[in-house]
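So this block is coords_8.cif, mmCIF, C-alpha atoms:
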```
data_structure
loop_
_atom_site.label_atom_id
_atom_site.label_comp_id
_atom_site.auth_asym_id
_atom_site.auth_seq_id
_atom_site.Cartn_x
_atom_site.Cartn_y
_atom_site.Cartn_z
CA MET R 1 114.24 108.59 82.58
CA ILE R 2 110.76 107.98 83.92
CA ASN R 3 108.63 111.03 84.78
CA ASN R 4 105.16 110.59 86.23
CA LEU R 5 102.61 112.19 88.52
CA GLU R 6 102.22 110.22 91.75
CA ILE R 7 98.79 110.31 93.40
CA GLU R 8 98.66 108.10 96.47
CA TYR R 9 96.72 107.75 99.69
CA LYS R 10 98.32 106.14 102.70
CA ILE R 11 97.43 105.32 106.24
CA LEU R 12 99.36 104.00 109.24
CA VAL R 13 97.64 101.06 110.91
CA THR R 14 98.29 98.73 113.82
CA LYS R 15 99.89 95.35 113.22
CA GLN R 16 96.53 93.70 113.92
CA GLN R 17 94.72 95.91 111.36
CA PHE R 18 97.53 95.30 108.87
CA ASP R 19 97.36 91.52 109.31
CA LEU R 20 93.57 91.49 109.04
CA LEU R 21 93.38 93.55 105.83
CA SER R 22 96.36 91.69 104.40
CA SER R 23 94.52 88.39 104.94
CA PHE R 24 91.96 89.42 102.29
CA TYR R 25 94.78 89.20 99.70
CA PRO R 26 96.42 85.80 100.30
CA ASP R 27 98.39 85.57 97.03
CA LYS R 28 100.72 88.49 97.68
CA THR R 29 104.48 88.25 98.21
CA PHE R 30 106.55 90.57 100.37
CA ILE R 31 109.75 91.87 98.77
CA LYS R 32 112.50 93.67 100.68
CA GLN R 33 113.52 97.13 99.54
CA ILE R 34 116.03 99.46 101.16
CA ASN R 35 115.44 103.19 100.76
CA THR R 36 118.46 105.41 101.36
CA TYR R 37 117.42 109.05 101.55
CA TYR R 38 119.70 111.83 100.33
CA ASP R 39 119.93 115.59 100.67
CA THR R 40 122.61 118.14 101.39
CA LYS R 41 123.93 118.81 104.89
CA SER R 42 121.91 122.04 104.94
CA SER R 43 118.68 120.30 103.74
CA GLU R 44 118.50 122.22 100.49
CA LEU R 45 116.11 119.77 98.83
CA ARG R 46 113.80 119.45 101.85
CA ASN R 47 113.70 123.24 102.09
CA GLN R 48 112.31 123.21 98.54
CA HIS R 49 109.74 120.51 99.49
CA CYS R 50 111.58 117.77 97.61
CA ALA R 51 112.68 114.28 98.61
CA MET R 52 115.29 112.06 97.01
CA ARG R 53 116.23 108.43 97.51
CA ILE R 54 117.94 105.44 96.01
CA ARG R 55 115.84 102.30 96.38
CA GLU R 56 117.62 98.97 96.33
CA LYS R 57 115.31 96.13 95.39
CA GLU R 58 116.23 92.71 94.02
CA ASN R 59 119.77 93.84 93.07
CA THR R 60 118.59 96.95 91.22
CA PHE R 61 119.05 100.59 92.22
CA LEU R 62 116.47 103.25 91.36
CA ILE R 63 116.90 106.97 92.02
CA THR R 64 113.67 108.81 92.72
CA LEU R 65 113.41 112.59 93.02
CA LYS R 66 109.99 113.78 94.21
CA THR R 67 109.02 117.39 93.61
CA PRO R 68 105.77 119.14 94.55
CA ALA R 69 102.81 119.14 92.16
CA SER R 70 99.36 120.65 92.55
CA ASN R 71 97.84 117.17 92.92
CA GLY R 72 100.45 114.81 94.34
CA HIS R 73 104.15 114.70 93.42
CA HIS R 74 106.17 114.64 90.26
CA GLU R 75 108.48 111.65 90.33
CA PHE R 76 111.64 111.60 88.27
CA GLU R 77 113.24 108.16 88.25
CA THR R 78 116.24 106.49 86.66
CA PHE R 79 118.07 103.23 87.25
CA VAL R 80 121.71 103.43 88.34
CA SER R 81 124.47 100.91 89.02
CA GLU R 82 124.90 101.39 92.78
CA ASN R 83 123.65 103.10 95.92
CA SER R 84 126.07 106.01 96.13
CA SER R 85 125.96 109.81 96.24
CA LYS R 86 128.02 109.95 93.07
CA MET R 87 125.08 108.48 91.12
CA PHE R 88 123.25 111.81 91.41
CA TYR R 89 126.04 113.50 89.50
CA GLU R 90 126.59 110.71 86.94
CA SER R 91 122.97 109.94 85.99
CA GLU R 92 120.19 111.65 84.05
CA ILE R 93 118.85 113.03 87.34
CA SER R 94 121.76 115.51 87.46
CA ASN R 95 120.05 117.66 84.81
CA ILE R 96 116.95 118.02 86.98
CA LEU R 97 118.98 118.68 90.12
CA LYS R 98 120.64 121.66 88.43
CA GLN R 99 117.40 123.63 88.68
CA PHE R 100 117.63 123.45 92.49
CA HIS R 101 121.02 125.24 92.54
CA LEU R 102 122.41 123.04 95.31
CA GLN R 103 125.38 124.57 97.09
CA ASP R 104 126.43 121.59 99.22
CA ALA R 105 127.31 118.01 98.31
CA ILE R 106 124.60 115.37 98.30
CA ILE R 107 124.95 112.98 101.23
CA PRO R 108 122.94 110.06 102.72
CA ILE R 109 120.67 111.28 105.53
CA GLY R 110 118.64 108.20 106.52
CA THR R 111 117.61 104.65 105.69
CA CYS R 112 114.30 102.79 105.82
CA THR R 113 113.91 99.09 105.07
CA THR R 114 110.47 98.15 103.75
CA TYR R 115 108.93 94.73 103.18
CA ARG R 116 106.30 95.47 100.54
CA ALA R 117 103.56 93.37 98.98
CA VAL R 118 101.67 94.85 96.02
CA VAL R 119 98.17 93.93 94.88
CA ARG R 120 97.42 95.50 91.51
CA ASN R 121 94.23 96.01 89.54
CA GLU R 122 93.36 98.22 86.55
CA LEU R 123 92.83 101.29 88.78
CA ALA R 124 95.60 101.19 91.38
CA GLU R 125 98.26 99.41 93.35
CA LEU R 126 97.43 98.50 96.92
CA CYS R 127 100.68 98.26 98.88
CA PHE R 128 101.17 96.57 102.22
CA ASP R 129 104.34 97.99 103.80
CA ILE R 130 106.18 96.86 106.91
CA ASN R 131 108.72 99.63 107.57
CA GLU R 132 111.81 99.52 109.78
CA TYR R 133 113.81 102.65 110.57
CA ASN R 134 115.80 103.86 113.57
CA GLY R 135 114.67 100.94 115.76
CA ILE R 136 110.99 101.48 114.91
CA THR R 137 108.63 99.16 113.00
CA ASP R 138 105.39 100.52 111.57
CA TYR R 139 102.66 99.27 109.26
CA GLU R 140 101.32 101.25 106.34
CA ILE R 141 98.73 100.68 103.63
CA GLU R 142 99.12 102.69 100.42
CA TYR R 143 96.71 103.12 97.53
CA GLU R 144 98.58 104.45 94.50
CA GLN R 145 96.45 105.45 91.53
CA LEU R 146 97.37 104.13 88.09
CA THR R 147 94.46 105.82 86.29
CA ASP R 148 92.34 108.89 86.90
CA HIS R 149 89.47 107.95 89.22
CA ASP R 150 88.04 108.69 92.67
CA GLY R 151 90.86 107.01 94.56
CA ILE R 152 89.69 108.08 97.99
CA THR R 153 86.34 106.34 97.54
CA GLU R 154 87.99 103.17 96.23
CA PHE R 155 90.55 103.18 99.06
CA ASN R 156 87.78 103.62 101.64
CA LYS R 157 85.92 100.62 100.17
CA ILE R 158 89.03 98.53 100.80
CA LEU R 159 89.58 99.95 104.29
CA SER R 160 85.93 99.40 105.24
CA LYS R 161 86.71 95.64 105.35
CA ILE R 162 88.44 96.37 108.68
CA GLN R 163 86.25 99.31 109.79
CA LEU R 164 88.79 102.02 108.88
CA ASN R 165 88.27 105.24 106.97
CA TYR R 166 90.92 107.26 105.17
CA THR R 167 90.98 110.95 106.14
CA GLN R 168 94.43 112.22 105.14
CA ASN R 169 97.88 110.96 104.28
CA CYS R 170 100.13 110.02 107.13
CA LYS R 171 103.64 111.41 107.15
CA SER R 172 105.85 109.94 104.44
CA LYS R 173 108.41 107.23 105.21
CA PHE R 174 111.03 109.86 104.42
CA ARG R 175 109.69 112.25 107.11
CA ARG R 176 109.11 109.50 109.68
CA THR R 177 112.66 108.24 109.18
CA LEU R 178 114.23 111.66 109.55
CA GLU R 179 112.06 112.78 112.48
CA THR R 180 113.06 109.73 114.55
CA LYS R 181 116.84 110.05 114.10
#
```

Let me see the structure of the file written as structure tokens.
Amino acid sequence: MINNLEIEYKILVTKQQFDLLSSFYPDKTFIKQINTYYDTKSSELRNQHCAMRIREKENTFLITLKTPASNGHHEFETFVSENSSKMFYESEISNILKQFHLQDAIIPIGTCTTYRAVVRNELAELCFDINEYNGITDYEIEYEQLTDHDGITEFNKILSKIQLNYTQNCKSKFRRTLETK
């Protein structure tokens, strides 16, 4: 199982802003990924400020459980054989889920399809995301730190190419998907 601290900055932009910033990175490739979000019927994980998904990308399935951390999120990840609720009970993630004392069964609660292009350097991954959920399409730029550095300053240098400035994270794809159901 993979366990890491996720520190990311993200901003929603217009299609025009997205296309303009994206044009500065011509060698990127967009890859489709489908995120199926899971929780219990009574939102037991969300009530504990957690989010859980299975991401299908290029015929692989990755469970991610995000839990709060003082600076970002802890991400617990493991590869599984399919996109199904039963994977949470049959994989390594089940040991972590036990600490949440879930009373109800885990069920799918939403889906978001993302077309993502990643530009990576030694400091971070810059992600260009086109997201589709519940009949909505939005455009998001993410800066995910790979090393300890002043990510906000670096992200703002990138955004300054199109006269934008990062102030705070937009709502997560998870929240946007669920709030528009």

Select, from R:Ile109, R:Ile31, R:Ile141, R:Leu20, the residue with the minimum atom-to-atom distance to Ile162 of chain R, counting all atoms listed in the file.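 Closest candidate: R:Leu20.
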
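Between atom CA of Ser84 of chain R and atom CA of Leu97 of chain R lies a distance of 15.7 Å.
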
Please evaluate the PyMOL selection byres ((chain R and resi 156) around 12) against the structure above and give the resulting residues as a ChimeraX atom specification. /R:9-11,126,141-143,150-155,157-168

Rounded to one decimal, what separation in Å do you get between atom CA of Thr111 of chain R and atom CA of Asn35 of chain R? 5.6 Å

Written as an mmCIF file with C-alpha atoms, in the frame of the given file, what is the full residue list that the PyMOL selection byres ((chain R and resi 74) around 9) yields on the file shown?
```cif
data_model
loop_
_atom_site.group_PDB
_atom_site.id
_atom_site.type_symbol
_atom_site.label_atom_id
_atom_site.label_comp_id
_atom_site.auth_asym_id
_atom_site.auth_seq_id
_atom_site.Cartn_x
_atom_site.Cartn_y
_atom_site.Cartn_z
ATOM 1 C CA ASN R 3 108.630 111.030 84.780
ATOM 2 C CA ASN R 4 105.160 110.590 86.230
ATOM 3 C CA LEU R 5 102.610 112.190 88.520
ATOM 4 C CA GLU R 6 102.220 110.220 91.750
ATOM 5 C CA LEU R 65 113.410 112.590 93.020
ATOM 6 C CA LYS R 66 109.990 113.780 94.210
ATOM 7 C CA THR R 67 109.020 117.390 93.610
ATOM 8 C CA PRO R 68 105.770 119.140 94.550
ATOM 9 C CA ALA R 69 102.810 119.140 92.160
ATOM 10 C CA GLY R 72 100.450 114.810 94.340
ATOM 11 C CA HIS R 73 104.150 114.700 93.420
ATOM 12 C CA GLU R 75 108.480 111.650 90.330
ATOM 13 C CA PHE R 76 111.640 111.600 88.270
#
```

Within 12 Å of segment 38-51 of chain R, which residues of segment 75-116 of chain R show up? Give each one with its shortest atom-to-atom distance in Å (one decimal) and the two atoms involved, counting only C-alpha atoms, rows by chain then rising residue number, as CSV.
```
residue,atom,partner,partner_atom,distance
R:Glu75,CA,R:Ala51,CA,9.6
R:Phe76,CA,R:Ala51,CA,10.7
R:Asn83,CA,R:Tyr38,CA,10.5
R:Ser84,CA,R:Tyr38,CA,9.6
R:Ser85,CA,R:Tyr38,CA,7.7
R:Lys86,CA,R:Tyr38,CA,11.2
R:Met87,CA,R:Tyr38,CA,11.2
R:Phe88,CA,R:Tyr38,CA,9.6
R:Ile96,CA,R:Cys50,CA,11.9
R:Leu97,CA,R:Leu45,CA,9.2
R:Lys98,CA,R:Leu45,CA,11.5
R:Gln99,CA,R:Leu45,CA,10.9
R:Phe100,CA,R:Leu45,CA,7.5
R:His101,CA,R:Glu44,CA,8.9
R:Leu102,CA,R:Glu44,CA,6.5
R:Gln103,CA,R:Glu44,CA,8.0
R:Asp104,CA,R:Thr40,CA,5.6
R:Ala105,CA,R:Thr40,CA,5.6
R:Ile106,CA,R:Thr40,CA,4.6
R:Ile107,CA,R:Tyr38,CA,5.4
R:Pro108,CA,R:Tyr38,CA,4.4
R:Ile109,CA,R:Tyr38,CA,5.3
R:Gly110,CA,R:Tyr38,CA,7.3
R:Thr111,CA,R:Tyr38,CA,9.2
R:Cys112,CA,R:Tyr38,CA,11.9
```

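Closest to Leu146 of chain R among R:Gln16, R:Arg55, R:Ser91, R:Ile7 is R:Ile7, based on all atoms listed in the file.
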
Which of R:Phe79, R:Phe30, R:Tyr115, R:Phe61 sits closest to Thr137 of chain R [using only C-alpha atoms]: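 Checking each candidate against Thr137 of chain R, we get R:Tyr115 as the closest.
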
Just give me the gap between atom CA of Pro26 of chain R and atom CA of Ser172 of chain R in Å, one decimal is fine.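 Distance between the two atoms: 26.2 Å.
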
Kindly resolve the PyMOL selection byres ((chain R and resi 116-122) around 10) on the present coordinates and return the residues as a PDB file with C-alpha atoms, in the frame of the given file.
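Contents of part.pdb, as written:
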```pdb
ATOM      1  CA  SER R  22      96.360  91.690 104.400  1.00  0.00           C
ATOM      2  CA  TYR R  25      94.780  89.200  99.700  1.00  0.00           C
ATOM      3  CA  PRO R  26      96.420  85.800 100.300  1.00  0.00           C
ATOM      4  CA  ASP R  27      98.390  85.570  97.030  1.00  0.00           C
ATOM      5  CA  LYS R  28     100.720  88.490  97.680  1.00  0.00           C
ATOM      6  CA  THR R  29     104.480  88.250  98.210  1.00  0.00           C
ATOM      7  CA  PHE R  30     106.550  90.570 100.370  1.00  0.00           C
ATOM      8  CA  ILE R  31     109.750  91.870  98.770  1.00  0.00           C
ATOM      9  CA  LYS R  32     112.500  93.670 100.680  1.00  0.00           C
ATOM     10  CA  GLN R  33     113.520  97.130  99.540  1.00  0.00           C
ATOM     11  CA  THR R 113     113.910  99.090 105.070  1.00  0.00           C
ATOM     12  CA  THR R 114     110.470  98.150 103.750  1.00  0.00           C
ATOM     13  CA  TYR R 115     108.930  94.730 103.180  1.00  0.00           C
ATOM     14  CA  LEU R 123      92.830 101.290  88.780  1.00  0.00           C
ATOM     15  CA  ALA R 124      95.600 101.190  91.380  1.00  0.00           C
ATOM     16  CA  GLU R 125      98.260  99.410  93.350  1.00  0.00           C
ATOM     17  CA  LEU R 126      97.430  98.500  96.920  1.00  0.00           C
ATOM     18  CA  CYS R 127     100.680  98.260  98.880  1.00  0.00           C
ATOM     19  CA  PHE R 128     101.170  96.570 102.220  1.00  0.00           C
ATOM     20  CA  ASP R 129     104.340  97.990 103.800  1.00  0.00           C
ATOM     21  CA  ILE R 130     106.180  96.860 106.910  1.00  0.00           C
ATOM     22  CA  ASN R 131     108.720  99.630 107.570  1.00  0.00           C
ATOM     23  CA  GLU R 140     101.320 101.250 106.340  1.00  0.00           C
ATOM     24  CA  ILE R 141      98.730 100.680 103.630  1.00  0.00           C
ATOM     25  CA  GLU R 142      99.120 102.690 100.420  1.00  0.00           C
ATOM     26  CA  TYR R 143      96.710 103.120  97.530  1.00  0.00           C
ATOM     27  CA  GLU R 144      98.580 104.450  94.500  1.00  0.00           C
ATOM     28  CA  GLN R 145      96.450 105.450  91.530  1.00  0.00           C
ATOM     29  CA  LEU R 146      97.370 104.130  88.090  1.00  0.00           C
ATOM     30  CA  THR R 147      94.460 105.820  86.290  1.00  0.00           C
TER      31      THR R 147
END
```

With all atoms listed in the file as the basis for distance, which of R:Asn59, R:Phe174, R:Met52, R:Asp138 is at the shortest distance from Thr14 of chain R?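 Counting all atoms listed in the file, the residue closest to Thr14 of chain R is R:Asp138.
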
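With all atoms listed in the file as the basis for measurement, R:Arg53 is the residue among R:Lys15, R:Lys171, R:Arg176, R:Arg53 that approaches Ile34 of chain R most closely.
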
Closest of R:Ile2, R:Phe24, R:Val13, R:Phe18 to Glu77 of chain R - atom-to-atom distances counting only C-alpha atoms: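 Among the listed residues, the smallest separation from Glu77 of chain R belongs to R:Ile2.
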
May I have the centre and edge lengths, in Å to one decimal, of an axis-aligned box around the listed atoms of segment 22-39 of chain R with 8 Å added to every side, as lines of an AutoDock Vina configuration file?
```
center_x = 105.9
center_y = 100.6
center_z = 101.0
size_x = 44.0
size_y = 46.0
size_z = 23.9
```
